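Q: Attaching a single structure in structure tokens format; questions to follow.
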Amino acid sequence: MTLDDIRFLYAYTAWANERLFEASVALTPDAQIREVGGSFASVRDTWAHLASADWVWLCRWTGENPRQWPTWANGSVADIREEWRRIHAQRNEFIATLREDDLTLEIEFTRLNGEGDRARLAFLLQHVVNHATYHRGQVASQLRLLGAVPPSTDLLRFRPDQIT
């Protein structure tokens, strides 16, 4: 895994998240919080988890160890989207500071339950992208259950050279 690989995966993740956020904010407020099942009951709850986890990991990579989920995660899908955009920008700034050899650094962190852990930065960066993909699939299913048509977020549809 190289920094170019990491940058590509995070550009893809941002593109895919934006596409699904767009479909999610188009739902009525009632539909956004309607319980349809999954790891999290609603589209809003799934986005709240995904964006909160992105925030927690960014904090950990920069030396902080949050002990609880952020309060902004209780907002609307549109509010969560705006906060996620800020997180995404900060994460891009963090990634821009990295050198190839930083990917091998062991990051020590504290889980929300207070347990200590550690892992290589490259692995943690991959984990966050994988986590986002997993939950985007859940949002897509939830959108279908609500009668919406989710956009394709397939990696083959992502063309970073065409993004302006």
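If you're wondering about the labels, chains in the structure tokens are A, B, ... by order shown, residues count from 1 in each chain, ligands from 1 in order shown.
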Excluding Gln32 of chain A and its own-chain neighbours fewer than 3 positions away, which residues fall within 9 Å of it when counting only C-alpha atoms? Please give them as a list in words.
A: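 Once the nearby chain positions are removed, what remains is Ser24, Val25, Ala26, Leu27, Thr28, Pro29, Glu35, Ser42, Val43, Arg44, Asp45, Ser76, Val77, Leu143 and Leu146 of chain A.
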Q: Go ahead and compute the interatomic distance for atom CA of Ala119 of chain A and atom CA of Glu82 of chain A, in Å to one decimal.
A: 29.3 Å
Q: Quick one: residues within 8 Å of segment 11-23 of chain A, only C-alpha atoms counted, chain neighbours fewer than 2 positions away excluded, as a list in words?
A: Arg7, Phe8, Leu9, Val25, Ala26, Leu27, Val77, Arg81, His88, Val129, Ala132, Thr133, Arg136, Val139, Ala140, Leu143, Ala148, Val149, Pro150, Pro151, Thr153, Leu155, Phe158 and Pro160 of chain A
Q: Name the closest residue to Glu64 of chain A among the candidates A:Asp79, A:Leu145, A:Ser39, A:Glu108; distances are taken between atoms, counting only C-alpha atoms.
A: A:Glu108
Q: What gap, in Å, lies between atom CA of Leu105 of chain A and atom CA of Asn92 of chain A?
A: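 Computing the Euclidean distance for atom CA of Leu105 of chain A and atom CA of Asn92 of chain A yields 18.2 Å.
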Q: I'd like to know which of A:Thr97, A:Thr110, A:Gln90, A:Ser52 is closest to Val128 of chain A, using only C-alpha atoms.
A: A:Ser52
Q: Step one, run DSSP on the backbone; step two, keep only residues of chain A assigned to helix (DSSP H, G or I); then write them as a short mmCIF file (atom, residue, chain, number, x, y, z; two decimals) with N, CA and C atoms, in the first residue's frame.
A:
```
data_model
loop_
_atom_site.label_atom_id
_atom_site.label_comp_id
_atom_site.auth_asym_id
_atom_site.auth_seq_id
_atom_site.Cartn_x
_atom_site.Cartn_y
_atom_site.Cartn_z
N LEU A 3 1.16 5.69 -0.59
CA LEU A 3 0.38 6.90 -0.37
C LEU A 3 -0.52 7.21 -1.56
N ASP A 4 -0.04 6.94 -2.77
CA ASP A 4 -0.90 7.13 -3.94
C ASP A 4 -2.13 6.24 -3.85
N ASP A 5 -1.97 5.00 -3.40
CA ASP A 5 -3.11 4.10 -3.21
C ASP A 5 -4.08 4.68 -2.19
N ILE A 6 -3.54 5.17 -1.09
CA ILE A 6 -4.37 5.75 -0.03
C ILE A 6 -5.13 6.96 -0.57
N ARG A 7 -4.46 7.83 -1.26
CA ARG A 7 -5.12 9.03 -1.81
C ARG A 7 -6.24 8.64 -2.77
N PHE A 8 -5.97 7.64 -3.62
CA PHE A 8 -6.99 7.16 -4.55
C PHE A 8 -8.20 6.62 -3.79
N LEU A 9 -7.98 5.78 -2.79
CA LEU A 9 -9.09 5.19 -2.03
C LEU A 9 -9.91 6.26 -1.32
N TYR A 10 -9.25 7.28 -0.80
CA TYR A 10 -10.00 8.34 -0.11
C TYR A 10 -10.72 9.24 -1.09
N ALA A 11 -10.18 9.46 -2.28
CA ALA A 11 -10.90 10.22 -3.31
C ALA A 11 -12.15 9.44 -3.73
N TYR A 12 -12.00 8.13 -3.90
CA TYR A 12 -13.15 7.30 -4.24
C TYR A 12 -14.20 7.34 -3.13
N THR A 13 -13.76 7.22 -1.88
CA THR A 13 -14.68 7.22 -0.75
C THR A 13 -15.46 8.53 -0.70
N ALA A 14 -14.80 9.65 -0.91
CA ALA A 14 -15.48 10.94 -0.90
C ALA A 14 -16.51 11.01 -2.03
N TRP A 15 -16.13 10.57 -3.20
CA TRP A 15 -17.04 10.57 -4.35
C TRP A 15 -18.26 9.70 -4.06
N ALA A 16 -18.04 8.50 -3.58
CA ALA A 16 -19.14 7.57 -3.30
C ALA A 16 -20.04 8.09 -2.18
N ASN A 17 -19.42 8.62 -1.12
CA ASN A 17 -20.22 9.17 -0.02
C ASN A 17 -21.10 10.32 -0.50
N GLU A 18 -20.52 11.23 -1.28
CA GLU A 18 -21.31 12.36 -1.77
C GLU A 18 -22.50 11.90 -2.60
N ARG A 19 -22.30 10.89 -3.43
CA ARG A 19 -23.41 10.38 -4.25
C ARG A 19 -24.53 9.83 -3.38
N LEU A 20 -24.17 9.07 -2.36
CA LEU A 20 -25.20 8.50 -1.49
C LEU A 20 -25.79 9.53 -0.54
N PHE A 21 -24.99 10.48 -0.10
CA PHE A 21 -25.54 11.57 0.72
C PHE A 21 -26.60 12.32 -0.09
N GLU A 22 -26.32 12.58 -1.35
CA GLU A 22 -27.26 13.31 -2.20
C GLU A 22 -28.61 12.58 -2.26
N ALA A 23 -28.59 11.29 -2.44
CA ALA A 23 -29.82 10.50 -2.46
C ALA A 23 -30.49 10.49 -1.09
N SER A 24 -29.70 10.51 -0.04
CA SER A 24 -30.24 10.46 1.32
C SER A 24 -30.92 11.77 1.72
N VAL A 25 -30.30 12.91 1.38
CA VAL A 25 -30.91 14.19 1.74
C VAL A 25 -32.15 14.47 0.90
N PRO A 29 -37.79 14.21 5.59
CA PRO A 29 -37.24 14.05 6.94
C PRO A 29 -37.76 12.80 7.64
N ASP A 30 -39.04 12.48 7.44
CA ASP A 30 -39.61 11.28 8.06
C ASP A 30 -38.93 10.02 7.52
N ALA A 31 -38.71 9.97 6.22
CA ALA A 31 -38.07 8.79 5.61
C ALA A 31 -36.63 8.64 6.09
N GLN A 32 -35.95 9.75 6.33
CA GLN A 32 -34.55 9.69 6.78
C GLN A 32 -34.42 9.01 8.14
N ILE A 33 -35.44 9.12 8.97
CA ILE A 33 -35.36 8.53 10.32
C ILE A 33 -36.24 7.28 10.47
N VAL A 43 -31.57 5.44 7.79
CA VAL A 43 -30.55 6.08 6.94
C VAL A 43 -29.77 7.10 7.77
N ARG A 44 -30.48 7.92 8.54
CA ARG A 44 -29.82 8.93 9.37
C ARG A 44 -28.87 8.29 10.37
N ASP A 45 -29.34 7.23 11.02
CA ASP A 45 -28.50 6.57 12.03
C ASP A 45 -27.26 5.92 11.40
N THR A 46 -27.40 5.40 10.20
CA THR A 46 -26.25 4.80 9.53
C THR A 46 -25.23 5.86 9.16
N TRP A 47 -25.69 6.99 8.62
CA TRP A 47 -24.78 8.09 8.30
C TRP A 47 -24.13 8.65 9.57
N ALA A 48 -24.92 8.73 10.65
CA ALA A 48 -24.36 9.24 11.91
C ALA A 48 -23.21 8.35 12.37
N HIS A 49 -23.39 7.05 12.28
CA HIS A 49 -22.33 6.13 12.67
C HIS A 49 -21.11 6.28 11.76
N LEU A 50 -21.34 6.29 10.47
CA LEU A 50 -20.23 6.35 9.52
C LEU A 50 -19.42 7.63 9.68
N ALA A 51 -20.09 8.77 9.74
CA ALA A 51 -19.37 10.04 9.88
C ALA A 51 -18.69 10.14 11.24
N SER A 52 -19.35 9.64 12.28
CA SER A 52 -18.74 9.67 13.62
C SER A 52 -17.48 8.82 13.66
N ALA A 53 -17.54 7.65 13.05
CA ALA A 53 -16.37 6.77 13.02
C ALA A 53 -15.23 7.43 12.25
N ASP A 54 -15.54 8.10 11.13
CA ASP A 54 -14.50 8.83 10.40
C ASP A 54 -13.85 9.88 11.30
N TRP A 55 -14.67 10.59 12.07
CA TRP A 55 -14.16 11.61 12.98
C TRP A 55 -13.28 10.99 14.06
N VAL A 56 -13.76 9.89 14.66
CA VAL A 56 -13.00 9.23 15.73
C VAL A 56 -11.63 8.80 15.21
N TRP A 57 -11.59 8.19 14.03
CA TRP A 57 -10.30 7.73 13.49
C TRP A 57 -9.37 8.88 13.18
N LEU A 58 -9.91 9.96 12.62
CA LEU A 58 -9.07 11.13 12.36
C LEU A 58 -8.49 11.66 13.67
N CYS A 59 -9.31 11.72 14.69
CA CYS A 59 -8.81 12.16 16.00
C CYS A 59 -7.68 11.25 16.48
N ARG A 60 -7.87 9.97 16.37
CA ARG A 60 -6.86 9.02 16.83
C ARG A 60 -5.55 9.18 16.06
N TRP A 61 -5.65 9.38 14.76
CA TRP A 61 -4.43 9.53 13.95
C TRP A 61 -3.67 10.79 14.31
N THR A 71 -21.61 14.96 19.51
CA THR A 71 -23.02 15.34 19.64
C THR A 71 -23.63 15.73 18.29
N TRP A 72 -22.83 16.21 17.35
CA TRP A 72 -23.37 16.58 16.04
C TRP A 72 -23.97 15.38 15.32
N ALA A 73 -23.64 14.18 15.74
CA ALA A 73 -24.18 12.98 15.09
C ALA A 73 -25.67 12.82 15.33
N ASN A 74 -26.24 13.63 16.20
CA ASN A 74 -27.68 13.59 16.46
C ASN A 74 -28.47 14.47 15.51
N VAL A 77 -29.62 14.36 8.38
CA VAL A 77 -28.68 13.84 7.38
C VAL A 77 -27.91 15.00 6.75
N ALA A 78 -28.58 16.11 6.48
CA ALA A 78 -27.90 17.27 5.88
C ALA A 78 -26.84 17.82 6.83
N ASP A 79 -27.16 17.88 8.13
CA ASP A 79 -26.18 18.35 9.12
C ASP A 79 -24.98 17.42 9.19
N ILE A 80 -25.26 16.12 9.19
CA ILE A 80 -24.18 15.12 9.25
C ILE A 80 -23.31 15.23 8.00
N ARG A 81 -23.94 15.44 6.86
CA ARG A 81 -23.19 15.59 5.61
C ARG A 81 -22.22 16.76 5.70
N GLU A 82 -22.68 17.89 6.21
CA GLU A 82 -21.81 19.06 6.32
C GLU A 82 -20.65 18.80 7.27
N GLU A 83 -20.92 18.13 8.37
CA GLU A 83 -19.84 17.80 9.31
C GLU A 83 -18.88 16.81 8.66
N TRP A 84 -19.41 15.82 7.93
CA TRP A 84 -18.55 14.86 7.24
C TRP A 84 -17.65 15.57 6.22
N ARG A 85 -18.17 16.57 5.54
CA ARG A 85 -17.35 17.32 4.59
C ARG A 85 -16.17 17.99 5.30
N ARG A 86 -16.41 18.54 6.48
CA ARG A 86 -15.32 19.14 7.26
C ARG A 86 -14.29 18.07 7.66
N ILE A 87 -14.79 16.94 8.09
CA ILE A 87 -13.90 15.83 8.47
C ILE A 87 -13.08 15.39 7.27
N HIS A 88 -13.75 15.26 6.14
CA HIS A 88 -13.07 14.85 4.91
C HIS A 88 -11.96 15.84 4.55
N ALA A 89 -12.23 17.12 4.65
CA ALA A 89 -11.20 18.13 4.35
C ALA A 89 -10.03 18.02 5.32
N GLN A 90 -10.33 17.85 6.60
CA GLN A 90 -9.26 17.71 7.60
C GLN A 90 -8.47 16.43 7.37
N ARG A 91 -9.16 15.38 6.99
CA ARG A 91 -8.48 14.11 6.72
C ARG A 91 -7.57 14.25 5.51
N ASN A 92 -8.02 14.94 4.48
CA ASN A 92 -7.17 15.18 3.31
C ASN A 92 -5.93 15.96 3.70
N GLU A 93 -6.09 16.95 4.58
CA GLU A 93 -4.93 17.71 5.06
C GLU A 93 -3.96 16.80 5.80
N PHE A 94 -4.49 15.92 6.64
CA PHE A 94 -3.64 14.97 7.36
C PHE A 94 -2.90 14.06 6.39
N ILE A 95 -3.61 13.50 5.43
CA ILE A 95 -2.98 12.58 4.47
C ILE A 95 -1.92 13.31 3.65
N ALA A 96 -2.16 14.58 3.35
CA ALA A 96 -1.18 15.37 2.57
C ALA A 96 0.14 15.54 3.32
N THR A 97 0.11 15.43 4.64
CA THR A 97 1.35 15.59 5.42
C THR A 97 2.16 14.30 5.50
N GLU A 100 5.77 8.28 2.74
CA GLU A 100 5.61 6.83 2.55
C GLU A 100 5.94 6.04 3.82
N ASP A 101 7.04 6.42 4.48
CA ASP A 101 7.44 5.63 5.65
C ASP A 101 6.51 5.84 6.85
N ASP A 102 5.67 6.89 6.82
CA ASP A 102 4.70 7.08 7.90
C ASP A 102 3.65 5.96 7.91
N LEU A 103 3.44 5.34 6.78
CA LEU A 103 2.43 4.27 6.71
C LEU A 103 2.78 3.08 7.59
N THR A 104 4.04 2.93 7.94
CA THR A 104 4.46 1.81 8.79
C THR A 104 4.42 2.15 10.28
N LEU A 121 -0.46 2.46 10.72
CA LEU A 121 -1.27 3.51 10.11
C LEU A 121 -1.85 3.06 8.78
N ALA A 122 -1.08 2.39 7.94
CA ALA A 122 -1.59 1.95 6.64
C ALA A 122 -2.82 1.05 6.82
N PHE A 123 -2.76 0.14 7.79
CA PHE A 123 -3.89 -0.74 8.06
C PHE A 123 -5.11 0.06 8.51
N LEU A 124 -4.90 1.02 9.39
CA LEU A 124 -6.01 1.82 9.90
C LEU A 124 -6.64 2.67 8.79
N LEU A 125 -5.81 3.21 7.91
CA LEU A 125 -6.34 3.97 6.78
C LEU A 125 -7.18 3.07 5.87
N GLN A 126 -6.72 1.85 5.65
CA GLN A 126 -7.49 0.90 4.85
C GLN A 126 -8.79 0.52 5.57
N HIS A 127 -8.71 0.33 6.86
CA HIS A 127 -9.89 -0.03 7.64
C HIS A 127 -11.00 1.00 7.47
N VAL A 128 -10.66 2.28 7.55
CA VAL A 128 -11.67 3.33 7.47
C VAL A 128 -12.35 3.34 6.10
N VAL A 129 -11.59 3.12 5.04
CA VAL A 129 -12.18 3.04 3.70
C VAL A 129 -13.11 1.82 3.61
N ASN A 130 -12.66 0.69 4.11
CA ASN A 130 -13.47 -0.52 4.08
C ASN A 130 -14.75 -0.34 4.90
N HIS A 131 -14.63 0.26 6.06
CA HIS A 131 -15.77 0.54 6.93
C HIS A 131 -16.81 1.39 6.19
N ALA A 132 -16.35 2.41 5.49
CA ALA A 132 -17.25 3.28 4.74
C ALA A 132 -17.97 2.51 3.64
N THR A 133 -17.24 1.65 2.94
CA THR A 133 -17.86 0.87 1.87
C THR A 133 -18.95 -0.03 2.43
N TYR A 134 -18.67 -0.68 3.54
CA TYR A 134 -19.64 -1.57 4.19
C TYR A 134 -20.93 -0.82 4.51
N HIS A 135 -20.80 0.33 5.15
CA HIS A 135 -22.00 1.06 5.56
C HIS A 135 -22.68 1.77 4.39
N ARG A 136 -21.96 2.15 3.35
CA ARG A 136 -22.62 2.69 2.16
C ARG A 136 -23.53 1.64 1.54
N GLY A 137 -23.09 0.39 1.56
CA GLY A 137 -23.95 -0.68 1.05
C GLY A 137 -25.23 -0.78 1.86
N GLN A 138 -25.12 -0.57 3.16
CA GLN A 138 -26.32 -0.59 4.00
C GLN A 138 -27.23 0.60 3.68
N VAL A 139 -26.65 1.77 3.49
CA VAL A 139 -27.46 2.94 3.13
C VAL A 139 -28.17 2.68 1.80
N ALA A 140 -27.48 2.10 0.83
CA ALA A 140 -28.10 1.81 -0.46
C ALA A 140 -29.29 0.87 -0.28
N SER A 141 -29.15 -0.14 0.55
CA SER A 141 -30.26 -1.06 0.81
C SER A 141 -31.41 -0.34 1.52
N GLN A 142 -31.08 0.51 2.48
CA GLN A 142 -32.11 1.26 3.19
C GLN A 142 -32.86 2.19 2.24
N LEU A 143 -32.13 2.82 1.33
CA LEU A 143 -32.78 3.69 0.35
C LEU A 143 -33.77 2.89 -0.50
N ARG A 144 -33.37 1.71 -0.93
CA ARG A 144 -34.27 0.85 -1.72
C ARG A 144 -35.53 0.50 -0.93
N LEU A 145 -35.35 0.17 0.35
CA LEU A 145 -36.49 -0.18 1.20
C LEU A 145 -37.45 1.00 1.36
N LEU A 155 -16.79 0.98 -7.80
CA LEU A 155 -15.46 1.52 -8.07
C LEU A 155 -15.22 1.71 -9.56
N LEU A 156 -15.79 0.83 -10.39
CA LEU A 156 -15.60 0.97 -11.83
C LEU A 156 -16.23 2.24 -12.40
N ARG A 157 -17.18 2.81 -11.69
CA ARG A 157 -17.82 4.05 -12.14
C ARG A 157 -17.03 5.29 -11.72
N PRO A 160 -11.43 9.32 -11.34
CA PRO A 160 -10.87 10.54 -10.74
C PRO A 160 -10.37 11.54 -11.75
N ASP A 161 -9.99 11.10 -12.93
CA ASP A 161 -9.51 12.04 -13.95
C ASP A 161 -10.64 12.87 -14.53
N GLN A 162 -11.91 12.50 -14.26
CA GLN A 162 -13.04 13.25 -14.78
C GLN A 162 -13.68 14.16 -13.74
#
```
Q: Rounded to one decimal place, report the atom CA of Thr2 of chain A-atom CA of Asp117 of chain A distance in Å.
A: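 Atom CA of Asp117 of chain A lies at a distance of 23.4 Å from atom CA of Thr2 of chain A.
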Q: Could you pull out the strand (DSSP E) residues of chain A from DSSP and send them as a PyMOL selection string?
A: chain A and resi 106-110+116-120
Q: Just to be explicit: take each residue in the selection above, keep C-alpha atoms, and write the result as a PDB file, in the first residue's frame.
A:
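See again-v6.pdb below for the written result:
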```pdb
ATOM      1  CA  GLU A 106       2.330   2.038  14.882  1.00  0.00           C
ATOM      2  CA  ILE A 107      -0.559   4.143  16.112  1.00  0.00           C
ATOM      3  CA  GLU A 108      -1.608   3.659  19.713  1.00  0.00           C
ATOM      4  CA  PHE A 109      -5.210   4.531  20.487  1.00  0.00           C
ATOM      5  CA  THR A 110      -7.919   4.037  23.046  1.00  0.00           C
ATOM      6  CA  GLY A 116      -6.025   0.327  24.489  1.00  0.00           C
ATOM      7  CA  ASP A 117      -4.996  -0.894  21.046  1.00  0.00           C
ATOM      8  CA  ARG A 118      -2.419  -0.283  18.346  1.00  0.00           C
ATOM      9  CA  ALA A 119      -2.010  -0.911  14.619  1.00  0.00           C
ATOM     10  CA  ARG A 120      -0.003   0.278  11.652  1.00  0.00           C
TER      11      ARG A 120
END
```
